[in-house]
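File shown: upload.txt (compact mmCIF, C-alpha atoms).
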```
# COMPACT_ATOMS: atom_id res chain seq x y z
CA MET N 15 0.00 0.00 0.00
CA SER N 16 1.26 3.46 -0.83
CA THR N 17 0.13 7.01 -0.99
CA THR N 18 -0.24 9.03 -4.10
CA MET N 19 -1.33 12.56 -4.88
CA ILE N 20 -4.68 12.93 -6.59
CA ALA N 21 -6.60 16.20 -6.89
CA GLY N 22 -3.94 17.96 -4.86
CA ARG N 23 -3.94 15.69 -1.81
CA ASP N 24 -2.31 12.53 -0.56
CA VAL N 25 -4.50 9.44 -0.60
CA HIS N 26 -3.86 5.78 0.20
CA VAL N 27 -4.09 3.40 -2.74
CA ASP N 28 -3.44 -0.29 -3.42
CA ASP N 29 -1.05 -1.63 -6.06
CA ASP N 30 -3.59 -1.07 -8.81
CA GLY N 31 -4.36 2.49 -7.77
CA PHE N 32 -7.71 1.81 -6.05
CA LEU N 33 -8.33 3.91 -2.95
CA THR N 34 -8.10 1.95 0.29
CA GLU N 35 -9.50 4.49 2.76
CA TYR N 36 -13.25 5.06 2.44
CA ASP N 37 -13.12 8.47 4.09
CA GLU N 38 -10.40 9.91 1.90
CA TRP N 39 -12.87 10.11 -0.99
CA ASP N 40 -15.12 12.97 -1.95
CA GLU N 41 -16.77 13.88 -5.22
CA ALA N 42 -13.96 16.19 -6.32
CA LEU N 43 -11.59 13.25 -5.98
CA GLY N 44 -14.06 10.97 -7.77
CA ALA N 45 -14.17 13.41 -10.66
CA GLU N 46 -10.38 13.29 -10.88
CA LEU N 47 -10.36 9.48 -10.78
CA ALA N 48 -12.95 9.38 -13.55
CA LYS N 49 -10.81 11.70 -15.64
CA ASN N 50 -7.82 9.40 -15.10
CA ILE N 51 -9.60 6.53 -16.82
CA GLY N 52 -11.36 8.57 -19.46
CA VAL N 53 -14.89 8.50 -18.07
CA GLU N 54 -16.86 11.70 -18.54
CA MET N 55 -19.16 12.04 -15.57
CA THR N 56 -22.84 12.95 -16.00
CA ASP N 57 -25.64 13.12 -13.41
CA GLU N 58 -26.43 9.51 -14.20
CA HIS N 59 -22.82 8.47 -13.55
CA TRP N 60 -22.91 10.27 -10.23
CA ALA N 61 -26.16 8.60 -9.26
CA VAL N 62 -24.49 5.20 -9.74
CA ILE N 63 -21.37 6.24 -7.84
CA ARG N 64 -23.46 7.60 -4.94
CA PHE N 65 -25.35 4.33 -4.76
CA LEU N 66 -22.05 2.41 -4.61
CA ARG N 67 -20.74 4.66 -1.84
CA ASP N 68 -23.90 4.34 0.25
CA ASP N 69 -24.19 0.61 -0.35
CA TYR N 70 -20.58 0.03 0.66
CA LYS N 71 -21.13 2.00 3.84
CA ALA N 72 -24.13 -0.18 4.69
CA GLN N 73 -22.79 -3.54 3.51
CA GLY N 74 -19.03 -3.25 3.93
CA GLU N 75 -18.60 -4.72 0.46
CA THR N 76 -18.48 -3.20 -3.02
CA ALA N 77 -21.67 -3.88 -4.97
CA THR N 78 -21.33 -6.11 -8.03
CA THR N 79 -22.95 -5.17 -11.34
CA ARG N 80 -25.77 -7.52 -10.37
CA ARG N 81 -26.41 -5.66 -7.14
CA VAL N 82 -26.11 -2.25 -8.79
CA ASP N 83 -28.90 -3.50 -11.07
CA THR N 84 -31.24 -5.25 -8.63
CA VAL N 85 -30.75 -3.07 -5.56
CA GLY N 86 -29.54 0.19 -7.10
CA GLY N 87 -31.94 0.09 -10.02
CA PHE N 88 -29.35 0.78 -12.72
CA PRO N 89 -29.76 -1.92 -15.42
CA VAL N 90 -26.65 -3.93 -16.30
CA LYS N 91 -27.00 -2.81 -19.90
CA ARG N 92 -26.87 0.82 -18.81
CA GLN N 93 -23.82 0.19 -16.63
CA PHE N 94 -21.96 -1.06 -19.68
CA VAL N 95 -22.87 2.14 -21.51
CA LEU N 96 -21.86 4.44 -18.67
CA PHE N 97 -18.66 2.61 -17.71
CA PRO N 98 -17.67 0.81 -20.91
CA LYS N 99 -16.24 -2.70 -21.00
CA LYS N 100 -15.40 -3.17 -17.33
CA PRO N 101 -18.21 -1.53 -15.40
CA ALA N 102 -17.63 -3.24 -12.05
CA LYS N 103 -13.99 -2.25 -11.78
CA LYS N 104 -14.45 1.21 -13.23
CA MET N 105 -17.34 2.03 -10.93
CA ALA N 106 -15.39 0.83 -7.91
CA TYR N 107 -12.32 2.83 -8.95
CA ILE N 108 -14.22 6.08 -9.39
CA ALA N 109 -16.17 5.51 -6.16
CA GLY N 110 -12.91 5.01 -4.26
CA LEU N 111 -13.88 1.47 -3.22
CA PRO N 112 -12.14 -1.91 -3.46
CA LYS N 113 -12.88 -4.11 -6.47
CA PRO N 114 -15.98 -6.26 -5.92
CA HIS N 115 -15.18 -9.49 -4.17
CA GLY N 116 -17.97 -11.87 -5.28
CA CYS N 117 -18.12 -13.88 -8.51
CA VAL N 118 -21.50 -12.59 -9.67
CA MET V 25 -2.67 16.54 -13.02
CA THR V 26 0.36 18.32 -11.62
CA MET V 27 2.92 16.34 -9.73
CA THR V 28 5.72 17.84 -7.74
CA ASP V 29 7.72 15.67 -5.40
CA THR V 30 5.21 12.89 -4.67
CA ALA V 31 5.12 9.51 -6.33
CA PRO V 32 3.30 9.59 -9.64
CA ALA V 33 -0.39 8.70 -9.37
CA ILE V 34 -1.05 5.06 -10.10
CA VAL V 35 -3.81 4.75 -12.64
CA PRO V 36 -5.14 1.21 -13.08
CA ASP V 37 -4.77 -0.22 -16.53
CA PHE V 38 -8.23 -1.37 -17.51
CA GLY V 39 -6.77 -2.76 -20.72
CA ASP V 40 -9.43 -1.05 -22.78
CA GLU V 41 -7.14 -1.09 -25.76
CA ASP V 42 -5.63 -4.55 -25.58
CA GLU V 43 -8.65 -6.66 -24.62
CA VAL V 44 -10.53 -6.06 -27.84
CA ASP V 45 -9.31 -9.26 -29.42
CA ARG V 46 -9.98 -11.63 -26.56
CA LYS V 47 -12.95 -13.89 -27.08
CA LEU V 48 -14.34 -16.67 -24.91
CA VAL V 49 -16.56 -19.46 -26.21
CA ILE V 50 -18.28 -21.74 -23.72
CA ILE V 51 -20.02 -24.93 -24.81
CA CYS V 52 -22.74 -25.85 -22.31
CA SER V 53 -23.59 -29.52 -22.74
CA LYS V 54 -25.17 -30.38 -19.40
CA GLY V 55 -28.63 -29.70 -18.05
CA ASN V 56 -27.99 -30.41 -14.39
CA LEU V 57 -28.30 -27.44 -12.08
CA ASP V 58 -24.74 -27.79 -10.78
CA MET V 59 -23.32 -28.03 -14.28
CA ALA V 60 -25.25 -25.01 -15.54
CA TYR V 61 -23.60 -22.52 -13.20
CA PRO V 62 -19.89 -22.78 -14.07
CA GLY V 63 -20.49 -21.63 -17.65
CA LEU V 64 -22.90 -18.90 -16.62
CA VAL V 65 -20.67 -17.50 -13.90
CA LEU V 66 -17.60 -17.49 -16.14
CA ALA V 67 -19.51 -15.92 -19.02
CA ASN V 68 -20.75 -13.19 -16.73
CA ALA V 69 -17.25 -12.55 -15.40
CA ALA V 70 -15.76 -12.49 -18.90
CA LEU V 71 -18.31 -9.93 -20.05
CA GLY V 72 -17.54 -7.80 -17.02
CA GLU V 73 -13.93 -7.76 -18.19
CA GLY V 74 -14.86 -6.58 -21.65
CA ILE V 75 -14.29 -9.98 -23.27
CA GLU V 76 -16.48 -10.97 -26.23
CA THR V 77 -18.42 -14.00 -24.97
CA HIS V 78 -20.42 -16.71 -26.74
CA LEU V 79 -22.38 -19.55 -25.16
CA PHE V 80 -23.28 -22.55 -27.28
CA PHE V 81 -25.96 -24.83 -25.86
CA THR V 82 -25.83 -28.42 -26.99
CA PHE V 83 -27.36 -31.75 -25.93
CA TRP V 84 -28.60 -31.56 -22.32
CA GLY V 85 -27.35 -27.99 -22.11
CA LEU V 86 -30.37 -27.09 -24.20
CA ASP V 87 -32.47 -27.37 -21.04
CA MET V 88 -30.76 -24.18 -19.82
CA ILE V 89 -32.43 -22.16 -22.57
CA LEU V 90 -35.78 -23.92 -22.99
CA LYS V 91 -38.49 -21.73 -21.49
CA SER V 92 -40.36 -24.70 -20.07
CA ARG V 93 -37.29 -26.21 -18.38
CA MET V 94 -34.82 -23.45 -17.55
CA HIS V 95 -36.60 -22.58 -14.30
CA ASP V 96 -36.50 -26.13 -13.07
CA LEU V 97 -33.00 -27.55 -13.55
CA GLN V 98 -32.28 -30.26 -11.02
CA PHE V 99 -29.32 -31.49 -9.05
CA THR V 100 -28.86 -35.15 -8.25
CA PRO V 101 -26.37 -36.55 -5.76
CA VAL V 102 -26.40 -39.92 -7.59
CA GLY V 103 -22.92 -40.94 -8.63
CA ASN V 104 -21.40 -37.88 -7.00
CA THR V 105 -18.81 -39.06 -4.48
CA ALA V 106 -18.14 -35.47 -3.42
CA MET V 107 -21.62 -35.32 -1.89
CA HIS V 108 -21.21 -34.73 1.82
CA MET V 109 -23.45 -34.19 4.80
CA PRO V 110 -24.35 -30.51 5.21
CA VAL V 111 -21.75 -30.16 7.97
CA GLY V 112 -18.44 -32.00 8.18
CA ASP V 113 -16.61 -34.27 5.78
CA SER V 114 -18.62 -37.49 5.97
CA ARG V 115 -20.01 -38.74 2.68
CA ILE V 116 -23.63 -39.52 2.01
CA PRO V 117 -23.73 -43.28 1.24
CA GLN V 118 -24.41 -43.79 -2.47
CA PHE V 119 -27.33 -46.16 -1.89
CA LEU V 120 -29.18 -43.33 -0.17
CA THR V 121 -28.68 -40.86 -3.00
CA ALA V 122 -31.14 -42.67 -5.26
CA LEU V 123 -33.95 -42.77 -2.72
CA PRO V 124 -37.22 -41.07 -3.70
CA GLY V 125 -37.18 -37.41 -2.78
CA MET V 126 -33.39 -37.11 -2.62
CA GLN V 127 -33.14 -35.25 -5.93
CA GLY V 128 -35.82 -32.75 -4.97
CA MET V 129 -34.30 -32.19 -1.57
CA SER V 130 -30.76 -31.81 -2.94
CA THR V 131 -31.95 -29.41 -5.61
CA LYS V 132 -33.75 -27.29 -3.06
CA MET V 133 -30.68 -27.20 -0.85
CA MET V 134 -28.37 -26.25 -3.68
CA LYS V 135 -30.73 -23.52 -4.88
CA LYS V 136 -30.79 -22.09 -1.39
CA GLN V 137 -26.99 -22.14 -1.10
CA ILE V 138 -26.71 -20.34 -4.44
CA ALA V 139 -29.39 -17.79 -3.50
CA ASP V 140 -27.67 -17.16 -0.16
CA LEU V 141 -24.63 -15.96 -2.09
CA GLY V 142 -26.82 -13.49 -3.96
CA VAL V 143 -26.28 -15.42 -7.18
CA PRO V 144 -29.39 -15.34 -9.37
CA GLU V 145 -31.31 -18.30 -10.79
CA VAL V 146 -30.45 -19.62 -14.24
CA PRO V 147 -32.97 -17.52 -16.24
CA ASP V 148 -31.83 -14.35 -14.45
CA MET V 149 -28.18 -15.21 -15.07
CA LEU V 150 -28.95 -15.57 -18.78
CA GLU V 151 -30.76 -12.26 -18.78
CA GLN V 152 -27.77 -10.57 -17.19
CA ILE V 153 -25.41 -12.19 -19.70
CA VAL V 154 -27.50 -10.95 -22.62
CA ALA V 155 -27.76 -7.47 -21.07
CA ALA V 156 -23.98 -7.41 -20.77
CA GLY V 157 -23.63 -8.15 -24.48
CA GLY V 158 -23.16 -11.94 -24.39
CA HIS V 159 -24.27 -14.11 -27.30
CA LEU V 160 -26.40 -17.24 -26.90
CA TRP V 161 -26.56 -19.93 -29.60
CA ALA V 162 -28.46 -23.21 -29.76
CA CYS V 163 -27.12 -26.36 -31.40
CA ARG V 164 -28.95 -27.42 -34.57
CA MET V 165 -28.53 -31.16 -34.08
CA SER V 166 -29.73 -31.08 -30.46
CA VAL V 167 -32.73 -28.94 -31.42
CA ASP V 168 -33.70 -31.43 -34.14
CA MET V 169 -33.05 -34.42 -31.91
CA MET V 170 -35.16 -33.11 -29.06
CA LYS V 171 -37.87 -31.86 -31.40
CA VAL V 172 -37.99 -28.33 -30.06
CA SER V 173 -38.09 -25.05 -31.98
CA GLU V 174 -36.92 -21.49 -31.54
CA ASP V 175 -40.34 -20.65 -30.13
CA ASP V 176 -39.59 -22.89 -27.17
CA MET V 177 -36.42 -20.99 -26.40
CA TYR V 178 -35.52 -18.10 -24.19
CA ASP V 179 -35.80 -14.87 -26.19
CA GLY V 180 -32.15 -13.98 -25.73
CA VAL V 181 -31.04 -16.91 -27.89
CA GLU V 182 -29.89 -15.37 -31.17
CA ALA V 183 -30.21 -18.37 -33.45
CA VAL V 184 -30.00 -22.11 -33.89
CA ILE V 185 -26.69 -22.77 -35.60
CA ASN V 186 -25.00 -25.86 -36.97
CA ALA V 187 -21.52 -27.20 -36.31
CA THR V 188 -20.04 -25.35 -39.29
CA ASP V 189 -21.56 -22.05 -38.16
CA PHE V 190 -20.06 -22.71 -34.77
CA MET V 191 -16.59 -22.94 -36.32
CA ASP V 192 -17.19 -19.48 -37.71
CA LYS V 193 -18.44 -17.98 -34.47
CA SER V 194 -15.69 -19.53 -32.38
CA ALA V 195 -12.82 -18.53 -34.69
CA GLY V 196 -9.94 -17.10 -32.68
CA GLY V 197 -11.69 -17.68 -29.37
CA GLN V 198 -10.65 -19.48 -26.22
CA LEU V 199 -12.84 -22.48 -25.72
CA LEU V 200 -14.38 -24.15 -22.70
CA PHE V 201 -16.41 -27.34 -22.86
CA ILE V 202 -18.67 -27.89 -19.88
```

Starting from the file, lay out its structure as structure tokens.
Amino acid sequence: MSTTMIAGRDVHVDDDGFLTEYDEWDEALGAELAKNIGVEMTDEHWAVIRFLRDDYKAQGETATTRRVDTVGGFPVKRQFVLFPKKPAKKMAYIAGLPKPHGCV
Amino acid sequence: MTMTDTAPAIVPDFGDEDEVDRKLVIICSKGNLDMAYPGLVLANAALGEGIETHLFFTFWGLDMILKSRMHDLQFTPVGNTAMHMPVGDSRIPQFLTALPGMQGMSTKMMKKQIADLGVPEVPDMLEQIVAAGGHLWACRMSVDMMKVSEDDMYDGVEAVINATDFMDKSAGGQLLFI
């Protein structure tokens, strides 16, 4: 684990660059993370990211695409449009959460 | 981003550029509940990684995509020496596994274990795979053999294709036979 500077502040990240401290994240940082991986954030993107943040806080685990669909109400198809190709990892990265742990 | 004297920001490589050519083809040939899941779970994971994914349903695997059967796949402990008591390592004696009611009970238990993990039932898994851009194909010979038609199939199935078509679709892909 190391620290890196994103959006003008030091944050803790894992080897892949995913944030490891829940509380070091805010939306300004999320915007910077999104920019890093070429995702242009819209209101709809933010709605998904906010769901992921809240759900992680409640569950202690990053929601999978399945959960973002069934619990969050954002269809899988839409997730692939908003966060192309690798929605689960990209959503987690922007939301400052660990990669989802489950298989489905 | 401006960097002064800190370590450069680590940006994960999502491989958006280099994954375009990867393709996974899974042949699903079994209609038992326990044999349906490996292909579905892997297909779902592959799609989540941006990998082009095709599922080809053949022989008993056809049950996974038949509307009248896909909701009711069964698990049987018969012939399965890895079948243990719910807790501990002791095996269920094989002569018991064929008793009336064992299949229903085992199926119910397995469905519950799968649901407890938040993993959806087979039709929902297929729906998610299709929503994620996966391709479903049915095997021509099996369809003819079992006297079913496209009308009997789950809507997400794109077509019934023959062995030669399959060679086309699977060209350049990594292949899994389940």

For CA of Thr34 (chain N) and CA of Asn68 (chain V), quote the distance in Å rounded to one decimal. 26.1 Å

Give me the residues within 12 Å of Leu150 (chain V) as a ChimeraX atom specification, counting all atoms listed in the file and dropping any in the same chain fewer than 5 places off. /V:60-61,63-68,78-79,88-91,94-95,143-145,155-161,177-181

Selected residues, C-alpha atoms, written as a PDB file, in the frame of the given file, please.
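Dumped to out-v9.pdb:
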```pdb
ATOM      1  CA  ALA V  60     -25.250 -25.010 -15.540  1.00  0.00           C
ATOM      2  CA  TYR V  61     -23.600 -22.520 -13.200  1.00  0.00           C
ATOM      3  CA  GLY V  63     -20.490 -21.630 -17.650  1.00  0.00           C
ATOM      4  CA  LEU V  64     -22.900 -18.900 -16.620  1.00  0.00           C
ATOM      5  CA  VAL V  65     -20.670 -17.500 -13.900  1.00  0.00           C
ATOM      6  CA  LEU V  66     -17.600 -17.490 -16.140  1.00  0.00           C
ATOM      7  CA  ALA V  67     -19.510 -15.920 -19.020  1.00  0.00           C
ATOM      8  CA  ASN V  68     -20.750 -13.190 -16.730  1.00  0.00           C
ATOM      9  CA  HIS V  78     -20.420 -16.710 -26.740  1.00  0.00           C
ATOM     10  CA  LEU V  79     -22.380 -19.550 -25.160  1.00  0.00           C
ATOM     11  CA  MET V  88     -30.760 -24.180 -19.820  1.00  0.00           C
ATOM     12  CA  ILE V  89     -32.430 -22.160 -22.570  1.00  0.00           C
ATOM     13  CA  LEU V  90     -35.780 -23.920 -22.990  1.00  0.00           C
ATOM     14  CA  LYS V  91     -38.490 -21.730 -21.490  1.00  0.00           C
ATOM     15  CA  MET V  94     -34.820 -23.450 -17.550  1.00  0.00           C
ATOM     16  CA  HIS V  95     -36.600 -22.580 -14.300  1.00  0.00           C
ATOM     17  CA  VAL V 143     -26.280 -15.420  -7.180  1.00  0.00           C
ATOM     18  CA  PRO V 144     -29.390 -15.340  -9.370  1.00  0.00           C
ATOM     19  CA  GLU V 145     -31.310 -18.300 -10.790  1.00  0.00           C
ATOM     20  CA  ALA V 155     -27.760  -7.470 -21.070  1.00  0.00           C
ATOM     21  CA  ALA V 156     -23.980  -7.410 -20.770  1.00  0.00           C
ATOM     22  CA  GLY V 157     -23.630  -8.150 -24.480  1.00  0.00           C
ATOM     23  CA  GLY V 158     -23.160 -11.940 -24.390  1.00  0.00           C
ATOM     24  CA  HIS V 159     -24.270 -14.110 -27.300  1.00  0.00           C
ATOM     25  CA  LEU V 160     -26.400 -17.240 -26.900  1.00  0.00           C
ATOM     26  CA  TRP V 161     -26.560 -19.930 -29.600  1.00  0.00           C
ATOM     27  CA  MET V 177     -36.420 -20.990 -26.400  1.00  0.00           C
ATOM     28  CA  TYR V 178     -35.520 -18.100 -24.190  1.00  0.00           C
ATOM     29  CA  ASP V 179     -35.800 -14.870 -26.190  1.00  0.00           C
ATOM     30  CA  GLY V 180     -32.150 -13.980 -25.730  1.00  0.00           C
ATOM     31  CA  VAL V 181     -31.040 -16.910 -27.890  1.00  0.00           C
TER      32      VAL V 181
END
```

Can you list, as a list in words, every protein, DNA or RNA residue that comes within 6 Å of region 76-80 of chain N when you count only C-alpha atoms, leaving out same-chain residues fewer than 4 positions away? Tyr70, Ala102 and Pro114 of chain N

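Within 6 Å of chain N, counting all atoms listed in the file, chain V contributes V:Ala31, V:Ala33, V:Ile34, V:Val35, V:Pro36, V:Gly72, V:Glu73, V:Gly74, V:Ala155, V:Ala156.
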
So what do you get for CA of Lys113 (chain N) versus CA of Trp39 (chain N), distance-wise? 15.2 Å

Give me, please, the distance in Å between CA of Phe81 (chain V) and CA of Met134 (chain V), quoted to one decimal.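 Value for the CA of Phe81 (chain V)-CA of Met134 (chain V) distance: 22.4 Å.
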
Which centre and which edge lengths, in Å to one decimal, describe the axis-aligned box that holds all listed atoms of region 68-87 of chain N after 4 Å is added on each side, as lines of an AutoDock Vina configuration file?
```
center_x = -25.2
center_y = -1.6
center_z = -3.3
size_x = 21.5
size_y = 19.9
size_z = 24.0
```

Given the choices V:Pro62, V:Gly103, V:Gly125, V:Gly85, which gets closest to Val167 (chain V) if the distance is worked out from only C-alpha atoms?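 Closest candidate: V:Gly85.
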
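For Lys71 (chain N), the residues within 12 Å (counting all atoms listed in the file, excluding itself and residues fewer than 4 positions away along the chain) are Glu35, Tyr36, Asp37, Arg64, Phe65, Leu66, Arg67, Glu75, Thr76, Ala77, Ala109, Gly110 and Leu111 of chain N.
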
Could you give me, as a ChimeraX atom specification, the residues that sit within 10 Å of (-31.1, -27.1, -25.7) in the file's coordinates, counting all atoms listed in the file? /V:52-55,80-90,93-94,161-170,172-174,176-177,184

Within 10 Å of Phe97 (chain N), counting all atoms listed in the file, which residues qualify if same-chain residues fewer than 6 places away don't, as an mmCIF file with C-alpha atoms, in the coordinates of the input?
```
data_model
loop_
_atom_site.group_PDB
_atom_site.id
_atom_site.type_symbol
_atom_site.label_atom_id
_atom_site.label_comp_id
_atom_site.auth_asym_id
_atom_site.auth_seq_id
_atom_site.Cartn_x
_atom_site.Cartn_y
_atom_site.Cartn_z
ATOM 1 C CA ALA N 48 -12.950 9.380 -13.550
ATOM 2 C CA ILE N 51 -9.600 6.530 -16.820
ATOM 3 C CA GLY N 52 -11.360 8.570 -19.460
ATOM 4 C CA VAL N 53 -14.890 8.500 -18.070
ATOM 5 C CA GLU N 54 -16.860 11.700 -18.540
ATOM 6 C CA MET N 55 -19.160 12.040 -15.570
ATOM 7 C CA HIS N 59 -22.820 8.470 -13.550
ATOM 8 C CA LYS N 103 -13.990 -2.250 -11.780
ATOM 9 C CA LYS N 104 -14.450 1.210 -13.230
ATOM 10 C CA MET N 105 -17.340 2.030 -10.930
#
```

Min atom-atom distance to His115 (chain N) from the set V:Ala69, V:Ile202, V:Met149, V:Val154, counting all atoms listed in the file, belongs to V:Ala69

I want to know what sits within 12 Å of Val102 (chain V), based on only C-alpha atoms, with residues of the same chain fewer than 3 positions away left out; could you give that as an MDAnalysis selection string? chainID V and resid 56 98:99 105:108 116:124 126:127 130

Would you fill the gaps in region 34-60 of chain N so it has N, CA and C atoms, then print it as a PDB file, in the frame of the given file?
```
ATOM      1  N   THR N  34      -7.888   2.947  -0.762  1.00  0.00           N
ATOM      2  CA  THR N  34      -8.100   1.950   0.290  1.00  0.00           C
ATOM      3  C   THR N  34      -8.776   2.542   1.529  1.00  0.00           C
ATOM      4  N   GLU N  35      -8.860   3.858   1.588  1.00  0.00           N
ATOM      5  CA  GLU N  35      -9.500   4.490   2.760  1.00  0.00           C
ATOM      6  C   GLU N  35     -10.816   5.135   2.329  1.00  0.00           C
ATOM      7  N   TYR N  36     -11.915   4.593   2.825  1.00  0.00           N
ATOM      8  CA  TYR N  36     -13.250   5.060   2.440  1.00  0.00           C
ATOM      9  C   TYR N  36     -13.389   6.573   2.620  1.00  0.00           C
ATOM     10  N   ASP N  37     -12.872   7.070   3.737  1.00  0.00           N
ATOM     11  CA  ASP N  37     -13.120   8.470   4.090  1.00  0.00           C
ATOM     12  C   ASP N  37     -12.213   9.466   3.370  1.00  0.00           C
ATOM     13  N   GLU N  38     -11.259   8.976   2.632  1.00  0.00           N
ATOM     14  CA  GLU N  38     -10.400   9.910   1.900  1.00  0.00           C
ATOM     15  C   GLU N  38     -11.048  10.384   0.601  1.00  0.00           C
ATOM     16  N   TRP N  39     -12.198   9.803   0.282  1.00  0.00           N
ATOM     17  CA  TRP N  39     -12.870  10.110  -0.990  1.00  0.00           C
ATOM     18  C   TRP N  39     -13.877  11.236  -0.850  1.00  0.00           C
ATOM     19  N   ASP N  40     -13.946  12.096  -1.809  1.00  0.00           N
ATOM     20  CA  ASP N  40     -15.120  12.970  -1.950  1.00  0.00           C
ATOM     21  C   ASP N  40     -15.368  13.129  -3.448  1.00  0.00           C
ATOM     22  N   GLU N  41     -16.394  13.852  -3.802  1.00  0.00           N
ATOM     23  CA  GLU N  41     -16.770  13.880  -5.220  1.00  0.00           C
ATOM     24  C   GLU N  41     -15.733  14.567  -6.100  1.00  0.00           C
ATOM     25  N   ALA N  42     -15.009  15.523  -5.526  1.00  0.00           N
ATOM     26  CA  ALA N  42     -13.960  16.190  -6.320  1.00  0.00           C
ATOM     27  C   ALA N  42     -12.898  15.162  -6.692  1.00  0.00           C
ATOM     28  N   LEU N  43     -12.582  14.294  -5.741  1.00  0.00           N
ATOM     29  CA  LEU N  43     -11.590  13.250  -5.980  1.00  0.00           C
ATOM     30  C   LEU N  43     -12.140  12.246  -7.007  1.00  0.00           C
ATOM     31  N   GLY N  44     -13.414  11.894  -6.829  1.00  0.00           N
ATOM     32  CA  GLY N  44     -14.060  10.970  -7.770  1.00  0.00           C
ATOM     33  C   GLY N  44     -13.993  11.501  -9.186  1.00  0.00           C
ATOM     34  N   ALA N  45     -14.210  12.795  -9.334  1.00  0.00           N
ATOM     35  CA  ALA N  45     -14.170  13.410 -10.660  1.00  0.00           C
ATOM     36  C   ALA N  45     -12.778  13.254 -11.271  1.00  0.00           C
ATOM     37  N   GLU N  46     -11.763  13.427 -10.416  1.00  0.00           N
ATOM     38  CA  GLU N  46     -10.380  13.290 -10.880  1.00  0.00           C
ATOM     39  C   GLU N  46     -10.073  11.850 -11.283  1.00  0.00           C
ATOM     40  N   LEU N  47     -10.569  10.902 -10.478  1.00  0.00           N
ATOM     41  CA  LEU N  47     -10.360   9.480 -10.780  1.00  0.00           C
ATOM     42  C   LEU N  47     -11.026   9.113 -12.109  1.00  0.00           C
ATOM     43  N   ALA N  48     -12.235   9.655 -12.302  1.00  0.00           N
ATOM     44  CA  ALA N  48     -12.950   9.380 -13.550  1.00  0.00           C
ATOM     45  C   ALA N  48     -12.151   9.897 -14.743  1.00  0.00           C
ATOM     46  N   LYS N  49     -11.594  11.099 -14.562  1.00  0.00           N
ATOM     47  CA  LYS N  49     -10.810  11.700 -15.640  1.00  0.00           C
ATOM     48  C   LYS N  49      -9.600  10.820 -15.962  1.00  0.00           C
ATOM     49  N   ASN N  50      -8.995  10.263 -14.904  1.00  0.00           N
ATOM     50  CA  ASN N  50      -7.820   9.400 -15.100  1.00  0.00           C
ATOM     51  C   ASN N  50      -8.084   8.240 -16.052  1.00  0.00           C
ATOM     52  N   ILE N  51      -9.315   7.704 -15.989  1.00  0.00           N
ATOM     53  CA  ILE N  51      -9.600   6.530 -16.820  1.00  0.00           C
ATOM     54  C   ILE N  51     -10.530   6.875 -17.989  1.00  0.00           C
ATOM     55  N   GLY N  52     -10.647   8.156 -18.262  1.00  0.00           N
ATOM     56  CA  GLY N  52     -11.360   8.570 -19.460  1.00  0.00           C
ATOM     57  C   GLY N  52     -12.877   8.459 -19.406  1.00  0.00           C
ATOM     58  N   VAL N  53     -13.432   8.530 -18.182  1.00  0.00           N
ATOM     59  CA  VAL N  53     -14.890   8.500 -18.070  1.00  0.00           C
ATOM     60  C   VAL N  53     -15.398   9.919 -17.840  1.00  0.00           C
ATOM     61  N   GLU N  54     -16.300  10.371 -18.702  1.00  0.00           N
ATOM     62  CA  GLU N  54     -16.860  11.700 -18.540  1.00  0.00           C
ATOM     63  C   GLU N  54     -18.110  11.609 -17.695  1.00  0.00           C
ATOM     64  N   MET N  55     -18.084  12.221 -16.539  1.00  0.00           N
ATOM     65  CA  MET N  55     -19.160  12.040 -15.570  1.00  0.00           C
ATOM     66  C   MET N  55     -20.391  12.893 -15.901  1.00  0.00           C
ATOM     67  N   THR N  56     -21.573  12.241 -15.858  1.00  0.00           N
ATOM     68  CA  THR N  56     -22.840  12.950 -16.000  1.00  0.00           C
ATOM     69  C   THR N  56     -23.623  12.724 -14.702  1.00  0.00           C
ATOM     70  N   ASP N  57     -24.808  13.316 -14.609  1.00  0.00           N
ATOM     71  CA  ASP N  57     -25.640  13.120 -13.410  1.00  0.00           C
ATOM     72  C   ASP N  57     -25.920  11.639 -13.192  1.00  0.00           C
ATOM     73  N   GLU N  58     -26.115  10.939 -14.312  1.00  0.00           N
ATOM     74  CA  GLU N  58     -26.430   9.510 -14.200  1.00  0.00           C
ATOM     75  C   GLU N  58     -25.226   8.735 -13.643  1.00  0.00           C
ATOM     76  N   HIS N  59     -24.032   9.098 -14.109  1.00  0.00           N
ATOM     77  CA  HIS N  59     -22.820   8.470 -13.550  1.00  0.00           C
ATOM     78  C   HIS N  59     -22.752   8.691 -12.046  1.00  0.00           C
ATOM     79  N   TRP N  60     -23.019   9.933 -11.660  1.00  0.00           N
ATOM     80  CA  TRP N  60     -22.910  10.270 -10.230  1.00  0.00           C
ATOM     81  C   TRP N  60     -23.937   9.511  -9.400  1.00  0.00           C
TER      82      TRP N  60
END
```
